[in-house]
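Engineer: Below is the file run.pdb, which contains PDB, C-alpha atoms, pLDDT in the B column.
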ATOM      1  CA  MET A  22     117.806-150.588 140.824  1.00 49.00           C
ATOM      2  CA  THR A  23     115.395-149.523 138.078  1.00 54.00           C
ATOM      3  CA  HIS A  24     111.749-148.868 138.566  1.00 57.00           C
ATOM      4  CA  PRO A  25     109.022-149.750 136.097  1.00 55.00           C
ATOM      5  CA  GLU A  26     108.080-146.064 136.021  1.00 58.00           C
ATOM      6  CA  ASP A  27     111.515-145.210 134.600  1.00 55.00           C
ATOM      7  CA  ASP A  28     110.981-147.404 131.544  1.00 60.00           C
ATOM      8  CA  ASN A  29     110.075-145.312 128.474  1.00 67.00           C
ATOM      9  CA  THR A  30     108.451-148.204 126.635  1.00 71.00           C
ATOM     10  CA  GLU A  31     104.907-147.460 125.556  1.00 74.00           C
ATOM     11  CA  TYR A  32     102.297-150.174 125.638  1.00 74.00           C
ATOM     12  CA  GLU A  33      99.132-150.171 123.628  1.00 77.00           C
ATOM     13  CA  LEU A  34      96.260-151.345 125.763  1.00 83.00           C
ATOM     14  CA  VAL A  35      93.786-153.465 123.853  1.00 81.00           C
ATOM     15  CA  SER A  36      90.521-154.501 125.415  1.00 88.00           C
ATOM     16  CA  LYS A  37      89.507-158.124 125.643  1.00 89.00           C
ATOM     17  CA  SER A  38      86.526-157.396 123.375  1.00 92.00           C
ATOM     18  CA  GLU A  39      88.795-155.922 120.716  1.00 89.00           C
ATOM     19  CA  MET A  40      91.041-158.977 120.898  1.00 87.00           C
ATOM     20  CA  LYS A  41      87.986-161.220 120.393  1.00 89.00           C
ATOM     21  CA  ARG A  42      86.812-159.142 117.419  1.00 91.00           C
ATOM     22  CA  GLU A  43      90.255-159.441 115.850  1.00 88.00           C
ATOM     23  CA  MET A  44      90.249-163.193 116.427  1.00 88.00           C
ATOM     24  CA  HIS A  45      86.836-163.454 114.739  1.00 90.00           C
ATOM     25  CA  ARG A  46      88.168-161.475 111.755  1.00 91.00           C
ATOM     26  CA  TRP A  47      91.088-163.904 111.484  1.00 89.00           C
ATOM     27  CA  GLN A  48      88.701-166.862 111.666  1.00 90.00           C
ATOM     28  CA  ALA A  49      86.533-165.341 108.929  1.00 90.00           C
ATOM     29  CA  LEU A  50      89.626-164.856 106.773  1.00 90.00           C
ATOM     30  CA  GLY A  51      90.550-168.488 107.479  1.00 89.00           C
ATOM     31  CA  GLU A  52      87.075-169.541 106.300  1.00 90.00           C
ATOM     32  CA  ARG A  53      87.648-167.611 103.068  1.00 91.00           C
ATOM     33  CA  LEU A  54      90.911-169.542 102.654  1.00 91.00           C
ATOM     34  CA  LEU A  55      88.963-172.783 102.991  1.00 91.00           C
ATOM     35  CA  THR A  56      86.814-171.873  99.977  1.00 90.00           C
ATOM     36  CA  LEU A  57      89.815-171.584  97.648  1.00 90.00           C
ATOM     37  CA  ARG A  58      90.831-174.284  95.208  1.00 90.00           C
ATOM     38  CA  PRO A  59      94.255-175.900  95.770  1.00 89.00           C
ATOM     39  CA  ASP A  60      95.764-174.125  92.737  1.00 88.00           C
ATOM     40  CA  GLN A  61      94.561-170.779  94.136  1.00 89.00           C
ATOM     41  CA  LEU A  62      95.758-171.574  97.660  1.00 90.00           C
ATOM     42  CA  VAL A  63      99.309-172.034  96.375  1.00 89.00           C
ATOM     43  CA  THR A  64      99.397-168.336  95.393  1.00 88.00           C
ATOM     44  CA  ILE A  65      98.520-167.179  98.932  1.00 91.00           C
ATOM     45  CA  PRO A  66     101.506-166.293 101.189  1.00 92.00           C
ATOM     46  CA  ILE A  67     100.863-168.541 104.225  1.00 92.00           C
ATOM     47  CA  THR A  68     103.039-170.523 106.614  1.00 91.00           C
ATOM     48  CA  GLU A  69     103.425-174.275 106.291  1.00 93.00           C
ATOM     49  CA  ARG A  70     101.542-174.903 109.543  1.00 93.00           C
ATOM     50  CA  LEU A  71      98.551-172.928 108.340  1.00 92.00           C
ATOM     51  CA  ALA A  72      98.620-174.763 105.014  1.00 91.00           C
ATOM     52  CA  GLN A  73      98.588-178.084 106.889  1.00 92.00           C
ATOM     53  CA  ALA A  74      95.665-176.940 109.062  1.00 92.00           C
ATOM     54  CA  LEU A  75      93.727-175.881 105.964  1.00 91.00           C
ATOM     55  CA  GLU A  76      94.387-179.263 104.389  1.00 91.00           C
ATOM     56  CA  GLU A  77      93.350-181.041 107.573  1.00 92.00           C
ATOM     57  CA  SER A  78      90.094-179.075 107.720  1.00 90.00           C
ATOM     58  CA  LYS A  79      88.774-181.164 104.816  1.00 87.00           C
ATOM     59  CA  ARG A  80      88.618-184.156 107.159  1.00 91.00           C
ATOM     60  CA  VAL A  81      86.930-182.286 110.024  1.00 89.00           C
ATOM     61  CA  THR A  82      83.191-182.568 109.488  1.00 88.00           C
ATOM     62  CA  GLN A  83      81.477-182.570 112.877  1.00 93.00           C
ATOM     63  CA  ARG A  84      79.991-179.248 113.900  1.00 92.00           C
ATOM     64  CA  GLU A  85      81.815-178.697 117.203  1.00 93.00           C
ATOM     65  CA  ALA A  86      85.084-180.086 115.864  1.00 93.00           C
ATOM     66  CA  ARG A  87      84.805-177.762 112.865  1.00 91.00           C
ATOM     67  CA  ARG A  88      84.238-174.766 115.158  1.00 90.00           C
ATOM     68  CA  ARG A  89      87.331-175.638 117.214  1.00 93.00           C
ATOM     69  CA  HIS A  90      89.352-176.223 114.064  1.00 92.00           C
ATOM     70  CA  LEU A  91      88.375-172.771 112.781  1.00 90.00           C
ATOM     71  CA  GLN A  92      89.595-171.366 116.092  1.00 91.00           C
ATOM     72  CA  LEU A  93      92.908-173.123 115.501  1.00 92.00           C
ATOM     73  CA  ILE A  94      93.104-171.630 112.009  1.00 92.00           C
ATOM     74  CA  GLY A  95      92.379-168.184 113.494  1.00 89.00           C
ATOM     75  CA  LYS A  96      95.163-168.723 116.023  1.00 90.00           C
ATOM     76  CA  LEU A  97      97.604-169.773 113.293  1.00 91.00           C
ATOM     77  CA  MET A  98      96.726-166.624 111.330  1.00 89.00           C
ATOM     78  CA  ARG A  99      98.632-164.621 113.973  1.00 87.00           C
ATOM     79  CA  ASP A 100     101.915-165.927 112.546  1.00 88.00           C
ATOM     80  CA  ASN A 101     101.047-164.772 109.014  1.00 90.00           C
ATOM     81  CA  ASP A 102     100.888-161.435 107.250  1.00 91.00           C
ATOM     82  CA  VAL A 103      97.114-160.993 107.354  1.00 90.00           C
ATOM     83  CA  ASP A 104      97.103-157.959 105.057  1.00 91.00           C
ATOM     84  CA  ALA A 105      99.067-159.820 102.356  1.00 92.00           C
ATOM     85  CA  ILE A 106      96.700-162.789 102.652  1.00 92.00           C
ATOM     86  CA  ARG A 107      93.637-160.550 102.414  1.00 91.00           C
ATOM     87  CA  GLU A 108      95.037-158.794  99.327  1.00 91.00           C
ATOM     88  CA  ALA A 109      95.904-162.105  97.643  1.00 91.00           C
ATOM     89  CA  ILE A 110      92.388-163.422  98.291  1.00 91.00           C
ATOM     90  CA  ASP A 111      90.866-160.202  96.955  1.00 90.00           C
ATOM     91  CA  ARG A 112      92.877-160.599  93.753  1.00 88.00           C
ATOM     92  CA  LEU A 113      91.091-163.933  93.236  1.00 88.00           C
ATOM     93  CA  ASP A 114      87.607-162.702  94.195  1.00 88.00           C
ATOM     94  CA  PRO A 115      85.655-161.252  91.234  1.00 88.00           C
ATOM     95  CA  SER A 116      83.543-159.094  93.552  1.00 89.00           C
ATOM     96  CA  SER A 117      86.545-157.240  95.024  1.00 88.00           C
ATOM     97  CA  ASP A 118      87.808-153.846  93.915  1.00 91.00           C
ATOM     98  CA  ILE A 119      91.375-155.132  93.454  1.00 89.00           C
ATOM     99  CA  TYR A 120      90.195-157.847  91.050  1.00 90.00           C
ATOM    100  CA  LYS A 121      88.149-155.327  89.063  1.00 93.00           C
ATOM    101  CA  ARG A 122      91.083-152.906  88.892  1.00 93.00           C
ATOM    102  CA  ASP A 123      93.435-155.651  87.687  1.00 92.00           C
ATOM    103  CA  LEU A 124      90.902-156.773  85.077  1.00 92.00           C
ATOM    104  CA  GLN A 125      90.419-153.207  83.800  1.00 94.00           C
ATOM    105  CA  GLN A 126      94.170-152.767  83.530  1.00 94.00           C
ATOM    106  CA  ALA A 127      94.483-156.027  81.571  1.00 94.00           C
ATOM    107  CA  GLU A 128      91.604-155.086  79.265  1.00 93.00           C
ATOM    108  CA  ALA A 129      93.185-151.689  78.626  1.00 94.00           C
ATOM    109  CA  TRP A 130      96.461-153.371  77.678  1.00 94.00           C
ATOM    110  CA  ARG A 131      94.655-155.832  75.389  1.00 93.00           C
ATOM    111  CA  GLU A 132      92.775-153.054  73.609  1.00 92.00           C
ATOM    112  CA  ARG A 133      95.956-151.026  73.258  1.00 93.00           C
ATOM    113  CA  LEU A 134      97.846-154.025  71.841  1.00 93.00           C
ATOM    114  CA  ILE A 135      95.084-154.767  69.334  1.00 91.00           C
ATOM    115  CA  ARG A 136      94.515-151.197  68.172  1.00 89.00           C
ATOM    116  CA  ASP A 137      98.016-149.704  68.291  1.00 89.00           C
ATOM    117  CA  ASP A 138     101.004-151.242  66.460  1.00 87.00           C
ATOM    118  CA  SER A 139     103.536-149.422  68.657  1.00 91.00           C
ATOM    119  CA  ALA A 140     102.023-150.880  71.843  1.00 92.00           C
ATOM    120  CA  GLU A 141     103.949-154.125  71.367  1.00 93.00           C
ATOM    121  CA  SER A 142     107.293-152.363  71.743  1.00 92.00           C
ATOM    122  CA  VAL A 143     106.026-150.616  74.895  1.00 93.00           C
ATOM    123  CA  TRP A 144     104.863-153.993  76.224  1.00 94.00           C
ATOM    124  CA  PHE A 145     108.272-155.582  75.597  1.00 93.00           C
ATOM    125  CA  GLU A 146     110.030-152.651  77.299  1.00 93.00           C
ATOM    126  CA  THR A 147     107.755-152.940  80.311  1.00 92.00           C
ATOM    127  CA  TYR A 148     107.768-156.761  80.447  1.00 92.00           C
ATOM    128  CA  PRO A 149     111.072-157.886  78.879  1.00 92.00           C
ATOM    129  CA  ASP A 150     110.653-161.534  79.984  1.00 91.00           C
ATOM    130  CA  THR A 151     107.726-162.017  77.598  1.00 91.00           C
ATOM    131  CA  ASP A 152     108.280-164.722  74.986  1.00 91.00           C
ATOM    132  CA  ARG A 153     108.148-162.483  71.899  1.00 92.00           C
ATOM    133  CA  GLN A 154     107.305-164.872  69.079  1.00 94.00           C
ATOM    134  CA  PRO A 155     104.137-166.492  70.498  1.00 94.00           C
ATOM    135  CA  PHE A 156     103.031-163.163  71.953  1.00 94.00           C
ATOM    136  CA  ARG A 157     103.311-161.378  68.597  1.00 93.00           C
ATOM    137  CA  SER A 158     101.479-164.144  66.765  1.00 94.00           C
ATOM    138  CA  LEU A 159      98.708-164.051  69.384  1.00 94.00           C
ATOM    139  CA  VAL A 160      98.369-160.272  69.000  1.00 93.00           C
ATOM    140  CA  ARG A 161      98.226-160.654  65.189  1.00 93.00           C
ATOM    141  CA  ALA A 162      95.554-163.357  65.462  1.00 92.00           C
ATOM    142  CA  ALA A 163      93.524-161.200  67.870  1.00 91.00           C
ATOM    143  CA  ARG A 164      93.753-158.267  65.454  1.00 90.00           C
ATOM    144  CA  LYS A 165      92.382-160.423  62.624  1.00 90.00           C
ATOM    145  CA  GLU A 166      89.294-161.225  64.714  1.00 87.00           C
ATOM    146  CA  GLN A 167      88.399-157.565  65.059  1.00 84.00           C
ATOM    147  CA  PRO A 168      86.030-155.645  62.787  1.00 80.00           C
ATOM    148  CA  ASP A 169      87.449-153.276  60.156  1.00 78.00           C
ATOM    149  CA  ASP A 170      85.867-150.249  61.831  1.00 76.00           C
ATOM    150  CA  PRO A 171      88.413-148.881  64.356  1.00 73.00           C
ATOM    151  CA  ALA A 172      85.636-147.244  66.388  1.00 75.00           C
ATOM    152  CA  ALA A 173      83.892-150.583  66.959  1.00 77.00           C
ATOM    153  CA  PRO A 174      84.387-152.227  70.353  1.00 80.00           C
ATOM    154  CA  ILE A 175      86.866-155.078  70.769  1.00 80.00           C
ATOM    155  CA  ARG A 176      85.320-158.388  69.804  1.00 77.00           C
ATOM    156  CA  GLY A 177      85.900-161.210  72.272  1.00 78.00           C
ATOM    157  CA  GLY A 178      87.041-163.977  69.942  1.00 84.00           C
ATOM    158  CA  LYS A 179      89.132-166.972  70.929  1.00 91.00           C
ATOM    159  CA  ASN A 180      92.493-165.282  70.359  1.00 91.00           C
ATOM    160  CA  SER A 181      91.366-162.044  71.955  1.00 91.00           C
ATOM    161  CA  LYS A 182      90.422-163.979  75.088  1.00 92.00           C
ATOM    162  CA  ARG A 183      93.738-165.830  75.053  1.00 94.00           C
ATOM    163  CA  LEU A 184      95.543-162.496  74.749  1.00 93.00           C
ATOM    164  CA  LEU A 185      93.589-161.119  77.721  1.00 92.00           C
ATOM    165  CA  ARG A 186      94.498-164.213  79.774  1.00 92.00           C
ATOM    166  CA  TRP A 187      98.188-163.813  78.848  1.00 93.00           C
ATOM    167  CA  VAL A 188      98.154-160.135  79.799  1.00 93.00           C
ATOM    168  CA  LYS A 189      96.368-160.858  83.114  1.00 91.00           C
ATOM    169  CA  GLU A 190      98.891-163.558  84.026  1.00 89.00           C
ATOM    170  CA  THR A 191     101.825-161.317  83.147  1.00 90.00           C
ATOM    171  CA  LEU A 192     100.411-158.426  85.178  1.00 89.00           C
ATOM    172  CA  ALA A 193      99.785-160.751  88.139  1.00 83.00           C
ATOM    173  CA  GLU A 194     103.429-161.873  88.116  1.00 78.00           C
ATOM    174  CA  LYS A 195     104.863-158.383  88.548  1.00 69.00           C
TER     175      LYS A 195
END
Would you kindly transcribe this structure into C-alpha cells?

Structural biologist:
Amino acid sequence: MTHPEDDNTEYELVSKSEMKREMHRWQALGERLLTLRPDQLVTIPITERLAQALEESKRVTQREARRRHLQLIGKLMRDNDVDAIREAIDRLDPSSDIYKRDLQQAEAWRERLIRDDSAESVWFETYPDTDRQPFRSLVRAARKEQPDDPAAPIRGGKNSKRLLRWVKETLAEK
C-alpha cells in the first residue's frame, strides 16, 4: 500500500485570487481578439471552438449576456497557447514593440535594397521563394523614385511603399 507522502510529485499551489487574476487576463486578451478584423483573426493561432465563440460574440449585445460570454471566451482561452496568441496580436498592433521591431527590420531591408545593388542577391539567398521577376522590377521602380543624392533619405513613393509592403509580408511569413 502506498501513502500519499511517498509520492514525489510536486504540486504548485496557486491561490484563488491568482487564478481569478489569470482568468481576467485571459478575458482581456479575448476582448482584444474581438477587436480584430476577420482577415487579421485568421492569422491568430486559436482553436475552432474559440473562433466560433468569437464569431458568436457579434450577436451577443445585452450587457449581462456579453459579460457571461466574455467569461466563456476566457474559459476557452485555457485550451489555447496564450503566449502565441498574445505575440500574434502584438504583431498586428502598431503600438507594440514587436510591431515596431518588425517595421524597422522591413524598412532597413527596403533601404538596403534601394541603395545597394548587391542586396538583391542577399535577399534571394535569404528568401529563395521570392518571385524574382516582379520583385526586381519593383526594386528598380523604387530606385527610380529616389533622389540622385545618395545621402538623401528614402522617398516614400508608390513603388517604394509597395516594396516595403512586400518586404513586410515576406518577413511575416518566415

Engineer: Name the residues that the PyMOL selection byres ((chain A and resi 101-107) around 9) picks from the file above, as a PyMOL selection string, using the file's chain letters and numbers.

Structural biologist: chain A and resi 47+50+54+65-68+71+97-100+108-112

Engineer: For Val160 of chain A, which of A:Val143, A:Leu192, A:Leu91, A:Leu185 is the closest residue, counting all atoms listed in the file?

Structural biologist: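 Of A:Val143, A:Leu192, A:Leu91, A:Leu185, the one nearest Val160 of chain A is A:Leu185, counting all atoms listed in the file.
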
Engineer: What is the atom CA of Gln154 of chain A to atom CA of Leu124 of chain A distance in Å?

Structural biologist: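 Interatomic distance here is 24.3 Å.
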
Engineer: For atom CA of Gly51 of chain A and atom CA of Ile94 of chain A, determine how far apart the two atoms are, in Å to one decimal place.

Structural biologist: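 Separation between atom CA of Gly51 of chain A and atom CA of Ile94 of chain A: 6.1 Å.
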
Engineer: Using the chain letters and residue numbers of this document, give as a PyMOL selection string the residues selected by the PyMOL selection byres ((chain A and resi 189) around 9).

Structural biologist: chain A and resi 123-124+126-128+184-188+190-194

Engineer: Just the selected residues (C-alpha atoms), exported as a PDB file, in the frame of the given file, please.

Structural biologist:
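Once everything was written out, this is part25.pdb:
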ATOM      1  CA  ASP A 123      93.435-155.651  87.687  1.00 92.00           C
ATOM      2  CA  LEU A 124      90.902-156.773  85.077  1.00 92.00           C
ATOM      3  CA  GLN A 126      94.170-152.767  83.530  1.00 94.00           C
ATOM      4  CA  ALA A 127      94.483-156.027  81.571  1.00 94.00           C
ATOM      5  CA  GLU A 128      91.604-155.086  79.265  1.00 93.00           C
ATOM      6  CA  LEU A 184      95.543-162.496  74.749  1.00 93.00           C
ATOM      7  CA  LEU A 185      93.589-161.119  77.721  1.00 92.00           C
ATOM      8  CA  ARG A 186      94.498-164.213  79.774  1.00 92.00           C
ATOM      9  CA  TRP A 187      98.188-163.813  78.848  1.00 93.00           C
ATOM     10  CA  VAL A 188      98.154-160.135  79.799  1.00 93.00           C
ATOM     11  CA  GLU A 190      98.891-163.558  84.026  1.00 89.00           C
ATOM     12  CA  THR A 191     101.825-161.317  83.147  1.00 90.00           C
ATOM     13  CA  LEU A 192     100.411-158.426  85.178  1.00 89.00           C
ATOM     14  CA  ALA A 193      99.785-160.751  88.139  1.00 83.00           C
ATOM     15  CA  GLU A 194     103.429-161.873  88.116  1.00 78.00           C
TER      16      GLU A 194
END

Engineer: Looking at A:Leu55, A:Leu62, A:Ala74, A:Ile175, which one is nearest to His90 of chain A, with distances taken over all atoms listed in the file?

Structural biologist: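 Of all the options, A:Ala74 lies closest to His90 of chain A.
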
Engineer: So which one's closest to Ser158 of chain A, A:Leu113, A:Ile135, A:Leu93, A:Leu34? Using all atoms listed in the file, please.

Structural biologist: A:Ile135

Engineer: Find the residues with any atom within 10 Å of (88.2, -146.2, 69.8); use all atoms listed in the file and the coordinates as given in the file, and write the answer as a list in words.

Structural biologist: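 Within 10 Å of (88.2, -146.2, 69.8), the protein and nucleic acid residues are Glu132, Arg133, Arg136, Asp170, Pro171, Ala172, Ala173, Pro174 and Ile175 of chain A.
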
Engineer: Take segment 145-165 of chain A, bring it up to N, CA and C atoms, and give me the output as a short mmCIF file (atom, residue, chain, number, x, y, z; two decimals), keeping the file's coordinate frame.

Structural biologist:
data_model
loop_
_atom_site.label_atom_id
_atom_site.label_comp_id
_atom_site.auth_asym_id
_atom_site.auth_seq_id
_atom_site.Cartn_x
_atom_site.Cartn_y
_atom_site.Cartn_z
N PHE A 145 107.01 -154.87 75.44
CA PHE A 145 108.27 -155.58 75.60
C PHE A 145 109.27 -154.79 76.44
N GLU A 146 109.18 -153.46 76.42
CA GLU A 146 110.03 -152.65 77.30
C GLU A 146 109.60 -152.80 78.75
N THR A 147 108.28 -152.84 78.96
CA THR A 147 107.76 -152.94 80.31
C THR A 147 107.91 -154.35 80.87
N TYR A 148 107.69 -155.36 80.04
CA TYR A 148 107.77 -156.76 80.45
C TYR A 148 108.76 -157.49 79.54
N PRO A 149 110.06 -157.33 79.78
CA PRO A 149 111.07 -157.89 78.88
C PRO A 149 111.15 -159.43 78.90
N ASP A 150 110.59 -160.07 79.90
CA ASP A 150 110.65 -161.53 79.98
C ASP A 150 109.61 -162.23 79.11
N THR A 151 108.76 -161.45 78.45
CA THR A 151 107.73 -162.02 77.60
C THR A 151 108.35 -162.75 76.42
N ASP A 152 107.85 -163.94 76.14
CA ASP A 152 108.28 -164.72 74.99
C ASP A 152 107.73 -164.03 73.73
N ARG A 153 108.58 -163.39 72.96
CA ARG A 153 108.15 -162.48 71.90
C ARG A 153 107.39 -163.16 70.75
N GLN A 154 107.90 -164.26 70.26
CA GLN A 154 107.30 -164.87 69.08
C GLN A 154 105.85 -165.29 69.30
N PRO A 155 105.54 -166.10 70.31
CA PRO A 155 104.14 -166.49 70.50
C PRO A 155 103.25 -165.30 70.87
N PHE A 156 103.82 -164.33 71.57
CA PHE A 156 103.03 -163.16 71.95
C PHE A 156 102.64 -162.36 70.71
N ARG A 157 103.60 -162.13 69.82
CA ARG A 157 103.31 -161.38 68.60
C ARG A 157 102.31 -162.09 67.71
N SER A 158 102.44 -163.41 67.60
CA SER A 158 101.48 -164.14 66.76
C SER A 158 100.09 -164.12 67.39
N LEU A 159 100.00 -164.14 68.71
CA LEU A 159 98.71 -164.05 69.38
C LEU A 159 98.08 -162.67 69.18
N VAL A 160 98.88 -161.62 69.24
CA VAL A 160 98.37 -160.27 69.00
C VAL A 160 97.88 -160.16 67.55
N ARG A 161 98.65 -160.69 66.60
CA ARG A 161 98.23 -160.65 65.19
C ARG A 161 96.90 -161.40 64.99
N ALA A 162 96.78 -162.57 65.59
CA ALA A 162 95.55 -163.36 65.46
C ALA A 162 94.37 -162.63 66.10
N ALA A 163 94.60 -161.96 67.22
CA ALA A 163 93.52 -161.20 67.87
C ALA A 163 93.11 -160.01 67.02
N ARG A 164 94.07 -159.40 66.33
CA ARG A 164 93.75 -158.27 65.45
C ARG A 164 92.89 -158.72 64.27
N LYS A 165 93.15 -159.92 63.76
CA LYS A 165 92.38 -160.42 62.62
C LYS A 165 90.93 -160.68 63.00
#
